[in-house]
Amino acid sequence: MPKRTRFRIWRTLATAAAVALPAALLTPATAHGTPRESRPVYSYENAVREAVWVDTGLDGDGDGRTDRVAADIVRPREAARQGRKVPVIMDASPYYSCCGRGNESQKKTYDAHGDVVQMPLFYDNFFVPRGYAFVGVDLAGTNRSDGCVDVGGRSDIQSAKAVIDWLNGRARAYTTRTGTTPATAGWTNGRTGMIGKSWDGTIANGVAATGVKGLETIVPISAISSWYDYYFQQGAPLYDSGPDWLSNYVESPDARAKCAAVQRQLAEGAPRTGDWTPLWTERDYVKDAAKVRASVFLVHGMQDLNVRTKHVGQWWDALARHHVERKIWLSQTGHVDPFDFRRTAWVETLHRWFDHELLGYDNGIDREPMADIERHPDQWVTSPVWPPAGTRTTLLRPAPGTQAGVGTLRLARATGTETFTDDPRHGETDWAAHIDQPAPDKAGFTTAPLTRPLRLSGTSKVTVTATPTTTTAHLSAVLVDLGRDTVRDYADAAEGITTLTDRTCWGASTTGDSACYKETRAKTADVGFTVVSRGWGDLGNHASDRRGEPLTPGTPYTLTLSLAATDHVIPAGHRLALIVAGTDKDLIDPPSTTPTLTLDLSRTVARLPLVGGTAAFARATTGTPAATPGAGHLDGVRPSPDAHRIPGDVR
């Protein structure tokens with residue numbers, strides 16, 4: 001929906017809300033006009049806590065009954081007594097009982113009547129007193145819900161969509177899991193915002209891609225946009241397991257006993273060949289971006305090696321093509337919630353976002369910069385739009401140097417070749433650490449030290465023409481900032497944060513549900529290089545992203561690798577490097593053979609989104625450099641192996 005139309009709707013809603021809200025909700029500056037901020041005027045301790053089971057219309061576990069998903073609700077009692085209908089903030093998750101949510105791995109707890117006592121995270125504590133309801137939905141097959149976990153498929157998405165339909169009077173719900181007493185949602189106006197990290201945020205993406213009415217906004221944090229890209233990239237396997245393992249990991253014991261057939265379907269539909277199948281089509285939300293009615297506030301760590309920023313890049317670009325209202329935060333962390341890397345600003349911004357999107361307050365957040373980017377630990381900059389105006393695709397070409405595997409990166413086309421042999425024992429940090437030294441397992445190309453800063457913003461692509469010696473080959477392309485810096489240590493187990501012992505409180509508390517959480521601070525590392533972006537692929541997928549084929553040794557093939565989206569400034573005095581190699585240790589699995597590959601440099605090119613484009617690169621690579629590169633071994637953060645990462649908070 002165009003921005004102008006949305007703004008008219010918001011103003012209408014704001015006017016209506018001003019009439020309905022008690023005077024205590026209004027700030028002094030706006031007591032005689034439209035409110036700009038919801039205030040904590042309702043009792044959290046006396047809030048209504050209840051559970052309903054919403055009929056999804058599916059029978060995933062094959063027991064002859066349609067599945068019901070549990071929705072635990074916390075809502076202001078006074079609003080219901082006043083006849084005031086409230087909007088809903090929803091987090092639909094598979095983790096409420098198996099694994100926990102947030103940095104402290106909180107799980108739902110219940111009283112003797114089965115009503116929720118502790119709702120994980122701060123959302124209910126903060127927003128219920130401000131006139132919102134909070135709904136925590138157990139995905140089908142988890143906690144107290146029927147059905148089976150199908151890992152981003154129809155059942156997962158319908159688990160949350162059915163609840164939104166119920167909130168808007170279009171679906172049935174019951175007061176118990178097996179009973180016949182209906183439950184109605186007369187207390188809400190149906191306006192819903194979905195939020196969640198990782199798998200939870202993925203569900204928000206998927207539900208928005210259905211175009212369901214009543215979903216006004218989503219806030220996906222570190223979320224998947226296409227499940228194929230969680231497990232593979234262009235045919236190269238990223239993990240040694242598939243969605244069947246993940247389904248089994250989160251399912252309730254009851255579901256696990258009933259869902260063997262779904263597990264088999266997941267295993268059979270996701271072959272380790274990396275070929276695209278109908279299973280992946282069902283779980284690709286990007287293709288349905290045109291259906292999105294909701295506004296979208298995306299948050300992602302640029303060094304997230306669990307849900308990589310390829311997900312946020314392709315989703316953002318698709319939403320932009322369809323003029324979806326959107327906002328983005330990009331941090332230096334790995335797979336971390338903004339509550340744990342920028343807490344005060346996050347709570348304030350989220351509050352204003354939901355006030356604007358769900359209550360209709362004209363608080364100006366829609367007129368603020370579109371993007372917040374963490375440039376250094378705890379140092380943030382903004383961009384009016386993202387990628388910034390003036391960002392242009394710039395073609396950079398590798399050229400041979402005086403030593404094998406140690407070349408240059410420039411604008412002019414070069415000739416010649418470079419050769420390397422896949423070595424699964426090494427990865428991007430090994431290659432970057434020895435960028436200026438010949439090595440048999442990589443080809444590296446660097447600029448001279450920059451005379452001016454150079455900003456990379458968006459998604460890069462690297463086209464490689466390579467001749468293999470075997471029938472299988474995997475390729476990696478890595479962009480590196482070569483130079484001393486202090487960065488968040490995303491390779492640490494906590495992925496860029498340190499958890500402290502002191503607590504701060506964000507909302508109201510009860511005996512069973514505290515709003516107070518342990519503080520955090522940035523965990524940093526001093527490095528000699530920073531990996532900026534990376535991408536991988538199976539050379540057998542040269543003819544199609546969706547299907548691979550055996551290679552003919554001695555035959556050249558061309559493959560374009562899509563790298564993870566990023567926003568990074570290479571400072572003056574640093575160098576920009578492109579590395580092309582084989583298996584990236586711990587990040588992709590090796591091929592079945594050990595190929596040697598010869599790069600045709602005249603047909604290899606990097607297409608980078610540079611602010612200022614070709615002219616900016618030319619200016620930054622001419623003149624007297626601000627510094628000279630250090631020689632020898634360089635230090636960087638080193639990702640630790642984790643064969644079974646899951647899209648959640650469990651590290």
# chains A, B, ... in the order shown; residues from 1 in each chain; ligands from 1

$ residues_around --residues "Thr446 of chain A" --least-positions-apart "3" --cutoff "10 Å" --atoms "only C-alpha atoms" --output "PDB file with N, CA and C atoms, in the first residue's frame"
ATOM      1  N   PRO A 398      39.120  -9.245 -10.620  1.00  0.00           N
ATOM      2  CA  PRO A 398      40.384  -9.743 -10.077  1.00  0.00           C
ATOM      3  C   PRO A 398      41.456  -9.803 -11.153  1.00  0.00           C
ATOM      4  N   ALA A 399      42.679  -9.577 -10.733  1.00  0.00           N
ATOM      5  CA  ALA A 399      43.817  -9.634 -11.648  1.00  0.00           C
ATOM      6  C   ALA A 399      44.955 -10.374 -10.963  1.00  0.00           C
ATOM      7  N   GLY A 401      48.662 -11.337  -9.553  1.00  0.00           N
ATOM      8  CA  GLY A 401      49.761 -10.561  -8.997  1.00  0.00           C
ATOM      9  C   GLY A 401      51.086 -11.213  -9.315  1.00  0.00           C
ATOM     10  N   VAL A 406      47.830 -14.519  -5.049  1.00  0.00           N
ATOM     11  CA  VAL A 406      47.875 -13.212  -4.386  1.00  0.00           C
ATOM     12  C   VAL A 406      47.775 -12.152  -5.484  1.00  0.00           C
ATOM     13  N   GLY A 407      46.536 -11.722  -5.769  1.00  0.00           N
ATOM     14  CA  GLY A 407      46.312 -10.818  -6.874  1.00  0.00           C
ATOM     15  C   GLY A 407      45.762  -9.483  -6.436  1.00  0.00           C
ATOM     16  N   THR A 408      45.269  -8.726  -7.403  1.00  0.00           N
ATOM     17  CA  THR A 408      44.733  -7.395  -7.139  1.00  0.00           C
ATOM     18  C   THR A 408      43.264  -7.336  -7.538  1.00  0.00           C
ATOM     19  N   LEU A 409      42.571  -6.317  -7.037  1.00  0.00           N
ATOM     20  CA  LEU A 409      41.152  -6.090  -7.320  1.00  0.00           C
ATOM     21  C   LEU A 409      41.023  -4.686  -7.877  1.00  0.00           C
ATOM     22  N   ARG A 410      40.420  -4.566  -9.083  1.00  0.00           N
ATOM     23  CA  ARG A 410      40.438  -3.279  -9.765  1.00  0.00           C
ATOM     24  C   ARG A 410      39.225  -3.158 -10.681  1.00  0.00           C
ATOM     25  N   ILE A 435      46.065 -13.605   3.485  1.00  0.00           N
ATOM     26  CA  ILE A 435      45.656 -13.026   2.212  1.00  0.00           C
ATOM     27  C   ILE A 435      46.855 -12.610   1.369  1.00  0.00           C
ATOM     28  N   ASP A 436      47.954 -12.202   2.002  1.00  0.00           N
ATOM     29  CA  ASP A 436      49.105 -11.706   1.250  1.00  0.00           C
ATOM     30  C   ASP A 436      50.160 -12.786   1.012  1.00  0.00           C
ATOM     31  N   PRO A 449      45.770   0.109  -0.271  1.00  0.00           N
ATOM     32  CA  PRO A 449      45.125   0.822   0.835  1.00  0.00           C
ATOM     33  C   PRO A 449      44.302   2.000   0.309  1.00  0.00           C
ATOM     34  N   LEU A 479      34.064 -11.407   0.913  1.00  0.00           N
ATOM     35  CA  LEU A 479      34.565 -10.033   0.910  1.00  0.00           C
ATOM     36  C   LEU A 479      35.122  -9.714   2.290  1.00  0.00           C
ATOM     37  N   VAL A 480      36.301  -9.104   2.318  1.00  0.00           N
ATOM     38  CA  VAL A 480      37.001  -8.873   3.581  1.00  0.00           C
ATOM     39  C   VAL A 480      37.509  -7.438   3.633  1.00  0.00           C
ATOM     40  N   ASP A 481      37.354  -6.824   4.806  1.00  0.00           N
ATOM     41  CA  ASP A 481      37.956  -5.530   5.127  1.00  0.00           C
ATOM     42  C   ASP A 481      39.277  -5.830   5.832  1.00  0.00           C
ATOM     43  N   LEU A 482      40.395  -5.496   5.182  1.00  0.00           N
ATOM     44  CA  LEU A 482      41.722  -5.765   5.734  1.00  0.00           C
ATOM     45  C   LEU A 482      42.235  -4.521   6.444  1.00  0.00           C
ATOM     46  N   ARG A 575      42.195  -2.101   3.220  1.00  0.00           N
ATOM     47  CA  ARG A 575      42.054  -2.651   1.884  1.00  0.00           C
ATOM     48  C   ARG A 575      40.783  -3.487   1.798  1.00  0.00           C
ATOM     49  N   LEU A 576      40.227  -3.546   0.612  1.00  0.00           N
ATOM     50  CA  LEU A 576      39.100  -4.431   0.326  1.00  0.00           C
ATOM     51  C   LEU A 576      39.641  -5.657  -0.394  1.00  0.00           C
ATOM     52  N   ALA A 577      39.205  -6.841   0.049  1.00  0.00           N
ATOM     53  CA  ALA A 577      39.679  -8.077  -0.559  1.00  0.00           C
ATOM     54  C   ALA A 577      38.501  -8.930  -1.015  1.00  0.00           C
ATOM     55  N   LEU A 578      38.711  -9.633  -2.123  1.00  0.00           N
ATOM     56  CA  LEU A 578      37.819 -10.688  -2.594  1.00  0.00           C
ATOM     57  C   LEU A 578      38.599 -11.991  -2.557  1.00  0.00           C
ATOM     58  N   ILE A 579      38.019 -12.991  -1.895  1.00  0.00           N
ATOM     59  CA  ILE A 579      38.626 -14.319  -1.844  1.00  0.00           C
ATOM     60  C   ILE A 579      37.690 -15.297  -2.539  1.00  0.00           C
TER      61      ILE A 579
END

$ residues_around --residues "Leu58 of chain A" --least-positions-apart "4" --cutoff "12 Å" --atoms "only C-alpha atoms" --output "ChimeraX atom specification"
/A:54,62-69,140,146-148,154-159,162

$ residues_around --residues "Thr558 of chain A" --least-positions-apart "3" --cutoff "7 Å" --atoms "only C-alpha atoms" --output "list in words"
Thr463, Val464, Thr465, Ala466 and His542 of chain A

$ closest_atom_pairs --of "segment 162-246 of chain A" --to "segment 591-594 of chain A" --cutoff "12 Å" --atoms "only C-alpha atoms" --output "tab-separated table"
residue	atom	partner	partner_atom	distance
A:Gly235	CA	A:Pro591	CA	10.6
A:Ala236	CA	A:Pro591	CA	8.3
A:Pro237	CA	A:Pro591	CA	9.2
A:Leu238	CA	A:Pro591	CA	11.6

$ write_last_selection --atoms "C-alpha atoms" --output "mmCIF file, in the first residue's frame"
data_model
loop_
_atom_site.group_PDB
_atom_site.id
_atom_site.type_symbol
_atom_site.label_atom_id
_atom_site.label_comp_id
_atom_site.auth_asym_id
_atom_site.auth_seq_id
_atom_site.Cartn_x
_atom_site.Cartn_y
_atom_site.Cartn_z
ATOM 1 C CA GLY A 235 22.991 -26.403 -4.084
ATOM 2 C CA ALA A 236 25.737 -26.272 -1.436
ATOM 3 C CA PRO A 237 24.591 -27.812 1.873
ATOM 4 C CA LEU A 238 24.987 -25.521 4.875
#

$ select_by_dssp --residues "segment 202-388 of chain A" --states "helix (DSSP H, G or I)" --output "PyMOL selection string"
chain A and resi 202-208+228-231+243-250+253-258+260-269+278-282+286-291+310-321+338-340+343-359+365-367

$ select_by_dssp --residues "segment 414-611 of chain A" --states "strand (DSSP E)" --output "JSON, numbers by chain"
{"A": [417, 418, 419, 420, 421, 442, 443, 444, 445, 446, 454, 455, 456, 457, 458, 461, 462, 463, 464, 465, 466, 467, 468, 474, 475, 476, 477, 478, 479, 480, 481, 482, 483, 484, 485, 486, 487, 488, 497, 498, 499, 500, 501, 502, 503, 504, 505, 516, 517, 518, 519, 520, 521, 522, 524, 525, 526, 527, 528, 529, 530, 531, 532, 533, 534, 535, 536, 537, 538, 557, 558, 559, 560, 561, 562, 566, 567, 568, 569, 570, 575, 576, 577, 578, 579, 580, 581, 596, 597, 598, 599, 600, 605, 606, 607, 608, 609, 610, 611]}

$ write_last_selection --atoms "C-alpha atoms" --output "CSV table (one decimal), in the first residue's frame"
chain,number,residue,atom,x,y,z
A,417,THR,CA,44.2,-17.6,-14.4
A,418,GLU,CA,44.5,-18.6,-10.7
A,419,THR,CA,44.3,-22.2,-9.4
A,420,PHE,CA,43.4,-23.6,-6.0
A,421,THR,CA,42.6,-27.0,-4.5
A,442,LYS,CA,42.5,-20.0,-2.1
A,443,ALA,CA,42.8,-17.2,-4.6
A,444,GLY,CA,42.9,-13.7,-3.0
A,445,PHE,CA,42.6,-10.3,-4.6
A,446,THR,CA,43.1,-7.0,-2.8
A,454,LEU,CA,34.3,3.2,0.8
A,455,ARG,CA,30.8,2.1,1.8
A,456,LEU,CA,29.3,-1.2,0.7
A,457,SER,CA,25.5,-1.3,1.2
A,458,GLY,CA,23.2,-4.1,0.1
A,461,LYS,CA,27.1,-10.9,-6.4
A,462,VAL,CA,30.3,-12.6,-7.6
A,463,THR,CA,30.4,-14.4,-11.0
A,464,VAL,CA,33.1,-17.1,-11.1
A,465,THR,CA,34.2,-19.0,-14.2
A,466,ALA,CA,36.1,-22.1,-13.1
A,467,THR,CA,37.3,-25.3,-14.6
A,468,PRO,CA,37.2,-28.3,-12.2
A,474,HIS,CA,31.8,-26.2,-4.1
A,475,LEU,CA,32.7,-22.5,-4.3
A,476,SER,CA,33.0,-19.8,-1.7
A,477,ALA,CA,33.2,-16.0,-2.4
A,478,VAL,CA,34.2,-13.8,0.6
A,479,LEU,CA,34.6,-10.0,0.9
A,480,VAL,CA,37.0,-8.9,3.6
A,481,ASP,CA,38.0,-5.5,5.1
A,482,LEU,CA,41.7,-5.8,5.7
A,483,GLY,CA,42.8,-3.5,8.6
A,484,ARG,CA,42.9,-3.1,12.3
A,485,ASP,CA,39.5,-2.6,14.0
A,486,THR,CA,37.5,-3.4,17.1
A,487,VAL,CA,34.3,-5.4,16.4
A,488,ARG,CA,31.7,-7.4,18.2
A,497,ILE,CA,27.3,-9.8,23.9
A,498,THR,CA,28.3,-10.5,27.5
A,499,THR,CA,25.5,-11.1,30.0
A,500,LEU,CA,25.9,-9.3,33.3
A,501,THR,CA,24.4,-10.0,36.7
A,502,ASP,CA,22.6,-6.6,37.3
A,503,ARG,CA,19.0,-6.5,36.1
A,504,THR,CA,16.8,-3.7,34.7
A,505,CYS,CA,13.0,-3.8,34.5
A,516,CYS,CA,13.4,-7.6,35.1
A,517,TYR,CA,16.2,-9.0,32.9
A,518,LYS,CA,20.0,-9.3,33.1
A,519,GLU,CA,21.8,-6.4,31.5
A,520,THR,CA,24.3,-7.1,28.7
A,521,ARG,CA,27.3,-5.3,27.2
A,522,ALA,CA,29.1,-5.6,23.9
A,524,THR,CA,34.5,-7.1,21.5
A,525,ALA,CA,37.5,-8.4,19.7
A,526,ASP,CA,40.5,-6.5,18.3
A,527,VAL,CA,41.1,-7.8,14.8
A,528,GLY,CA,43.3,-7.4,11.8
A,529,PHE,CA,40.5,-8.1,9.3
A,530,THR,CA,36.8,-8.3,9.2
A,531,VAL,CA,34.8,-10.6,7.0
A,532,VAL,CA,32.2,-8.3,5.5
A,533,SER,CA,30.1,-10.8,3.4
A,534,ARG,CA,30.2,-14.3,2.1
A,535,GLY,CA,28.3,-16.6,-0.3
A,536,TRP,CA,28.5,-20.2,-1.4
A,537,GLY,CA,27.3,-22.5,-4.2
A,538,ASP,CA,27.7,-25.8,-5.9
A,557,TYR,CA,31.6,-23.5,-15.9
A,558,THR,CA,30.2,-20.1,-14.8
A,559,LEU,CA,28.3,-19.6,-11.6
A,560,THR,CA,27.0,-16.4,-10.0
A,561,LEU,CA,27.1,-16.5,-6.2
A,562,SER,CA,24.7,-14.2,-4.2
A,566,THR,CA,25.5,-6.0,4.6
A,567,ASP,CA,26.3,-2.4,5.3
A,568,HIS,CA,30.0,-1.8,5.9
A,569,VAL,CA,32.4,1.1,5.6
A,570,ILE,CA,36.0,0.2,4.6
A,575,ARG,CA,42.1,-2.7,1.9
A,576,LEU,CA,39.1,-4.4,0.3
A,577,ALA,CA,39.7,-8.1,-0.6
A,578,LEU,CA,37.8,-10.7,-2.6
A,579,ILE,CA,38.6,-14.3,-1.8
A,580,VAL,CA,37.5,-17.2,-4.0
A,581,ALA,CA,38.0,-20.7,-2.7
A,596,THR,CA,41.3,-28.4,-8.1
A,597,LEU,CA,39.8,-25.4,-9.8
A,598,THR,CA,41.2,-23.0,-12.3
A,599,LEU,CA,39.7,-19.5,-12.4
A,600,ASP,CA,39.4,-17.6,-15.7
A,605,VAL,CA,33.7,-10.4,-11.7
A,606,ALA,CA,32.4,-9.0,-8.4
A,607,ARG,CA,29.3,-6.8,-8.6
A,608,LEU,CA,29.3,-4.7,-5.4
A,609,PRO,CA,26.6,-2.1,-4.3
A,610,LEU,CA,28.9,0.8,-3.5
A,611,VAL,CA,27.7,4.2,-2.3

$ residues_around --residues "Val212 of chain A" --least-positions-apart "2" --cutoff "10 Å" --atoms "only C-alpha atoms" --output "PDB file with C-alpha atoms, in the first residue's frame"
ATOM      1  CA  LYS A 161      -2.921 -17.267  10.697  1.00  0.00           C
ATOM      2  CA  ALA A 162      -5.873 -19.128  12.233  1.00  0.00           C
ATOM      3  CA  ILE A 164      -5.516 -13.859  13.526  1.00  0.00           C
ATOM      4  CA  ASP A 165      -8.642 -15.081  11.745  1.00  0.00           C
ATOM      5  CA  VAL A 207       1.842 -15.209   7.792  1.00  0.00           C
ATOM      6  CA  ALA A 208       2.357 -11.751   6.282  1.00  0.00           C
ATOM      7  CA  ALA A 209       3.000 -13.444   2.931  1.00  0.00           C
ATOM      8  CA  THR A 210      -0.538 -14.907   3.041  1.00  0.00           C
ATOM      9  CA  GLY A 214      -6.038  -7.930  10.389  1.00  0.00           C
ATOM     10  CA  LEU A 215      -2.262  -8.355  10.435  1.00  0.00           C
ATOM     11  CA  GLU A 216      -1.162  -4.722  10.465  1.00  0.00           C
ATOM     12  CA  LYS A 291       0.559 -10.305  -0.937  1.00  0.00           C
ATOM     13  CA  VAL A 292       2.028  -8.537   2.108  1.00  0.00           C
ATOM     14  CA  ARG A 293      -0.413  -5.985   3.561  1.00  0.00           C
ATOM     15  CA  ALA A 294       1.448  -5.435   6.837  1.00  0.00           C
TER      16      ALA A 294
END

$ atom_distance --atom1 "atom CA of Pro453 of chain A" --atom2 "atom CA of Asp378 of chain A"
20.2 Å

$ closest_residue --among "A:Ala433, A:Leu359, A:Ala389, A:Leu266" --to "Pro278 of chain A" --atoms "only C-alpha atoms"
A:Leu266

$ residues_around --residues "segment 180-185 of chain A" --least-positions-apart "3" --cutoff "12 Å" --atoms "only C-alpha atoms" --output "ChimeraX atom specification"
/A:50-55,68,71,73,75,80,85-88,133,135,163-177,188-191

$ atom_distance --atom1 "atom CA of Glu325 of chain A" --atom2 "atom CA of Ser198 of chain A"
21.1 Å

$ atom_distance --atom1 "atom CA of Asp355 of chain A" --atom2 "atom CA of Pro40 of chain A"
12.6 Å

$ closest_residue --among "A:Ala255, A:Val250, A:Leu411, A:Ile218" --to "Val299 of chain A" --atoms "only C-alpha atoms"
A:Ile218

$ closest_residue --among "A:Ser544, A:Ser247, A:Ser331, A:Ser241" --to "Pro271 of chain A" --atoms "only C-alpha atoms"
A:Ser241
